[in-house]
Amino acid sequence: NKLSKRFINLAEKRNVDMTLIKFIKSFISYTLKILLVLIIAGSYWKLELSGLAAIVASAGVAIGLALQGSLSNFAGGFIILLLRPFKVGDYIQTGQFEGTVEQIGVFYTNLATIDNKLVMIPNGTLSNGSLINYSAKETRRVDLVFSVAYDSDLLKVRKVLKEIVDNHKLILSKPDPFIGLIQHNASSLDFAVRVWVKNSDYWPVYFDLLETVKTRFDK
């Protein structure tokens with residue numbers, strides 16, 4: 001525990017990436033626990049370390065089969081650390097789970113969901129599967145579709161949507177926003193609004209556009 005704290009203090013002073021700090025902290029913890037078990041086994045059962053090593057070596061195949069999943073997760077942790085598909089603090093989605101990365105451990109990566117649930121995902125699954133990193137880019141595109149009646153003035157619809165987009169302080173002017181009719185439904189016409197925003201502004205813009213367009217359309 002003291003060794004782990006000393007490492008963290010030293011790493012923080014040298015501005016080491018938090019993802020790397022948490023991974024190595026987890027690695028040190030597991031390594032020290034294994035060493036402690038070996039030392040206790042050697043002293044309690046009066047086994048020489050060489051004899052203990054021989055026993056472990058002879059049982060290596062059985063242990064490898066039994067721990068196949070854990071070894072895959074262990075290797076997956078190093079792959080994640082090396083390739084950096086995500087880091088601590090990123091918001092990711094993998095399979096049915098999504099959330100903010102809190103820790104990348106030796107065997108599991110911890111995600112905090114938007115409703116503050118803890119999800120522990122095996123590193124082997126993350127390193128071998130597909131995932132979406134919503135925090136990887138500085139900008140994101142907000143895609144929305146608004147439906148209007150067939151007898152609506154299409155030019156007026158486009159004008160109102162353009163005014164809303166042009167006057168929104170969080171919407172970026174580049175890349176150019178897109179506003180256009182994209183589909184004829186059985187009972188409505190669909191207009192798409194696609195605008196670019198800073199990553200941190202995605203949800204504020206998303207919900208604000210929904211409310212603002214509804215209010216303007218009602219008028």
# chains A, B, ... in the order shown; residues from 1 in each chain; ligands from 1

call {"tool": "residues_around", "arguments": {"residues": "Lys156 (chain A)", "least_positions_apart": "6", "cutoff": "12 Å", "atoms": "only C-alpha atoms", "output": "compact mmCIF listing (two decimals) with all heavy atoms, in the first residue's frame"}}
result
# COMPACT_ATOMS: atom_id res chain seq x y z
N VAL A 148 -43.17 18.33 -40.81
CA VAL A 148 -44.18 19.38 -41.01
C VAL A 148 -45.27 18.82 -41.92
O VAL A 148 -45.08 17.82 -42.62
CB VAL A 148 -43.57 20.64 -41.65
CG1 VAL A 148 -42.53 21.25 -40.70
CG2 VAL A 148 -42.96 20.34 -43.01
N LYS A 162 -33.28 27.93 -40.43
CA LYS A 162 -31.99 28.60 -40.65
C LYS A 162 -31.78 29.72 -39.63
O LYS A 162 -30.66 29.92 -39.12
CB LYS A 162 -31.91 29.14 -42.06
CG LYS A 162 -30.51 29.66 -42.44
CD LYS A 162 -30.47 30.08 -43.89
CE LYS A 162 -29.04 30.44 -44.31
NZ LYS A 162 -28.47 31.51 -43.49
N GLU A 163 -32.84 30.47 -39.33
CA GLU A 163 -32.73 31.54 -38.34
C GLU A 163 -32.36 30.99 -36.97
O GLU A 163 -31.52 31.56 -36.26
CB GLU A 163 -34.05 32.30 -38.26
CG GLU A 163 -34.33 33.19 -39.46
CD GLU A 163 -35.69 33.86 -39.36
OE1 GLU A 163 -36.43 33.54 -38.38
OE2 GLU A 163 -36.03 34.67 -40.23
N GLY A 180 -32.41 20.74 -44.85
CA GLY A 180 -33.05 20.38 -46.11
C GLY A 180 -34.12 19.32 -45.96
O GLY A 180 -34.17 18.59 -44.96
N ARG A 216 -41.01 27.88 -32.10
CA ARG A 216 -41.11 28.70 -33.31
C ARG A 216 -42.16 28.16 -34.28
O ARG A 216 -42.88 28.93 -34.91
CB ARG A 216 -39.74 28.77 -33.99
CG ARG A 216 -38.72 29.61 -33.26
CD ARG A 216 -39.04 31.09 -33.30
NE ARG A 216 -39.19 31.59 -34.65
CZ ARG A 216 -38.15 31.98 -35.41
NH1 ARG A 216 -36.91 31.94 -34.92
NH2 ARG A 216 -38.35 32.42 -36.63
N PHE A 217 -42.25 26.85 -34.41
CA PHE A 217 -43.25 26.26 -35.30
C PHE A 217 -44.66 26.58 -34.80
O PHE A 217 -45.58 26.81 -35.60
CB PHE A 217 -43.05 24.74 -35.39
CG PHE A 217 -42.01 24.34 -36.41
CD1 PHE A 217 -41.21 25.28 -37.03
CD2 PHE A 217 -41.85 23.01 -36.75
CE1 PHE A 217 -40.25 24.91 -37.95
CE2 PHE A 217 -40.89 22.63 -37.69
CZ PHE A 217 -40.09 23.57 -38.29

call {"tool": "select_by_dssp", "arguments": {"residues": "region 114-186 of chain A", "states": "alpha helix (DSSP H)", "output": "PyMOL selection string"}}
result
chain A and resi 123-128+154-167

call {"tool": "write_last_selection", "arguments": {"atoms": "N, CA, C and O atoms", "output": "short mmCIF file (atom, residue, chain, number, x, y, z; two decimals), in the first residue's frame"}}
result
data_model
loop_
_atom_site.label_atom_id
_atom_site.label_comp_id
_atom_site.auth_asym_id
_atom_site.auth_seq_id
_atom_site.Cartn_x
_atom_site.Cartn_y
_atom_site.Cartn_z
N ASN A 123 -11.36 -6.54 -19.85
CA ASN A 123 -10.47 -5.90 -20.82
C ASN A 123 -10.35 -6.70 -22.10
O ASN A 123 -10.14 -6.14 -23.19
N GLY A 124 -10.45 -8.04 -21.99
CA GLY A 124 -10.39 -8.88 -23.18
C GLY A 124 -11.51 -8.55 -24.15
O GLY A 124 -11.32 -8.51 -25.37
N THR A 125 -12.70 -8.30 -23.60
CA THR A 125 -13.85 -7.95 -24.42
C THR A 125 -13.64 -6.61 -25.11
O THR A 125 -13.94 -6.44 -26.29
N LEU A 126 -13.10 -5.64 -24.37
CA LEU A 126 -12.89 -4.31 -24.93
C LEU A 126 -11.81 -4.30 -26.00
O LEU A 126 -11.93 -3.61 -27.02
N SER A 127 -10.73 -5.07 -25.77
CA SER A 127 -9.61 -5.05 -26.72
C SER A 127 -9.93 -5.82 -28.00
O SER A 127 -9.32 -5.58 -29.04
N ASN A 128 -10.88 -6.76 -27.94
CA ASN A 128 -11.21 -7.59 -29.11
C ASN A 128 -12.51 -7.19 -29.80
O ASN A 128 -12.83 -7.72 -30.86
N LEU A 154 -42.76 25.41 -47.59
CA LEU A 154 -41.44 24.82 -47.43
C LEU A 154 -40.34 25.87 -47.31
O LEU A 154 -39.38 25.70 -46.56
N LEU A 155 -40.48 26.95 -48.07
CA LEU A 155 -39.49 28.02 -47.99
C LEU A 155 -39.49 28.66 -46.60
O LEU A 155 -38.43 29.02 -46.06
N LYS A 156 -40.67 28.80 -46.03
CA LYS A 156 -40.78 29.39 -44.70
C LYS A 156 -40.21 28.44 -43.64
O LYS A 156 -39.55 28.87 -42.69
N VAL A 157 -40.46 27.15 -43.82
CA VAL A 157 -39.91 26.15 -42.89
C VAL A 157 -38.39 26.23 -42.88
O VAL A 157 -37.75 26.29 -41.82
N ARG A 158 -37.80 26.24 -44.05
CA ARG A 158 -36.34 26.31 -44.16
C ARG A 158 -35.82 27.62 -43.55
O ARG A 158 -34.79 27.63 -42.87
N LYS A 159 -36.54 28.72 -43.79
CA LYS A 159 -36.12 30.02 -43.28
C LYS A 159 -36.12 30.05 -41.76
O LYS A 159 -35.17 30.54 -41.13
N VAL A 160 -37.18 29.50 -41.16
CA VAL A 160 -37.28 29.48 -39.70
C VAL A 160 -36.16 28.62 -39.10
O VAL A 160 -35.50 29.02 -38.13
N LEU A 161 -35.93 27.46 -39.68
CA LEU A 161 -34.87 26.58 -39.18
C LEU A 161 -33.50 27.24 -39.32
O LEU A 161 -32.65 27.14 -38.42
N LYS A 162 -33.28 27.93 -40.43
CA LYS A 162 -31.99 28.60 -40.65
C LYS A 162 -31.78 29.72 -39.63
O LYS A 162 -30.66 29.92 -39.12
N GLU A 163 -32.84 30.47 -39.33
CA GLU A 163 -32.73 31.54 -38.34
C GLU A 163 -32.36 30.99 -36.97
O GLU A 163 -31.52 31.56 -36.26
N ILE A 164 -32.96 29.89 -36.61
CA ILE A 164 -32.67 29.27 -35.31
C ILE A 164 -31.21 28.83 -35.24
O ILE A 164 -30.52 29.09 -34.26
N VAL A 165 -30.76 28.18 -36.31
CA VAL A 165 -29.38 27.69 -36.34
C VAL A 165 -28.39 28.85 -36.35
O VAL A 165 -27.39 28.85 -35.61
N ASP A 166 -28.63 29.85 -37.19
CA ASP A 166 -27.70 30.97 -37.33
C ASP A 166 -27.58 31.78 -36.04
O ASP A 166 -26.52 32.37 -35.77
N ASN A 167 -28.64 31.82 -35.24
CA ASN A 167 -28.64 32.64 -34.03
C ASN A 167 -28.22 31.87 -32.77
O ASN A 167 -28.16 32.47 -31.69
#

call {"tool": "residues_around", "arguments": {"residues": "region 129-135 of chain A", "least_positions_apart": "3", "cutoff": "12 Å", "atoms": "only C-alpha atoms", "output": "NGL selection string"}}
result
:A and (76 or 80 or 84-101 or 121-126 or 138-141 or 198-202)

call {"tool": "select_by_dssp", "arguments": {"residues": "region 68-106 of chain A", "states": "strand (DSSP E)", "output": "number ranges by chain"}}
result
A: 91-94, 97-104

call {"tool": "residues_around", "arguments": {"residues": "Asn185 (chain A)", "least_positions_apart": "2", "cutoff": "10 Å", "atoms": "only C-alpha atoms", "output": "VMD selection string"}}
result
chain A and resid 147 149 to 150 182 to 183 187 to 190
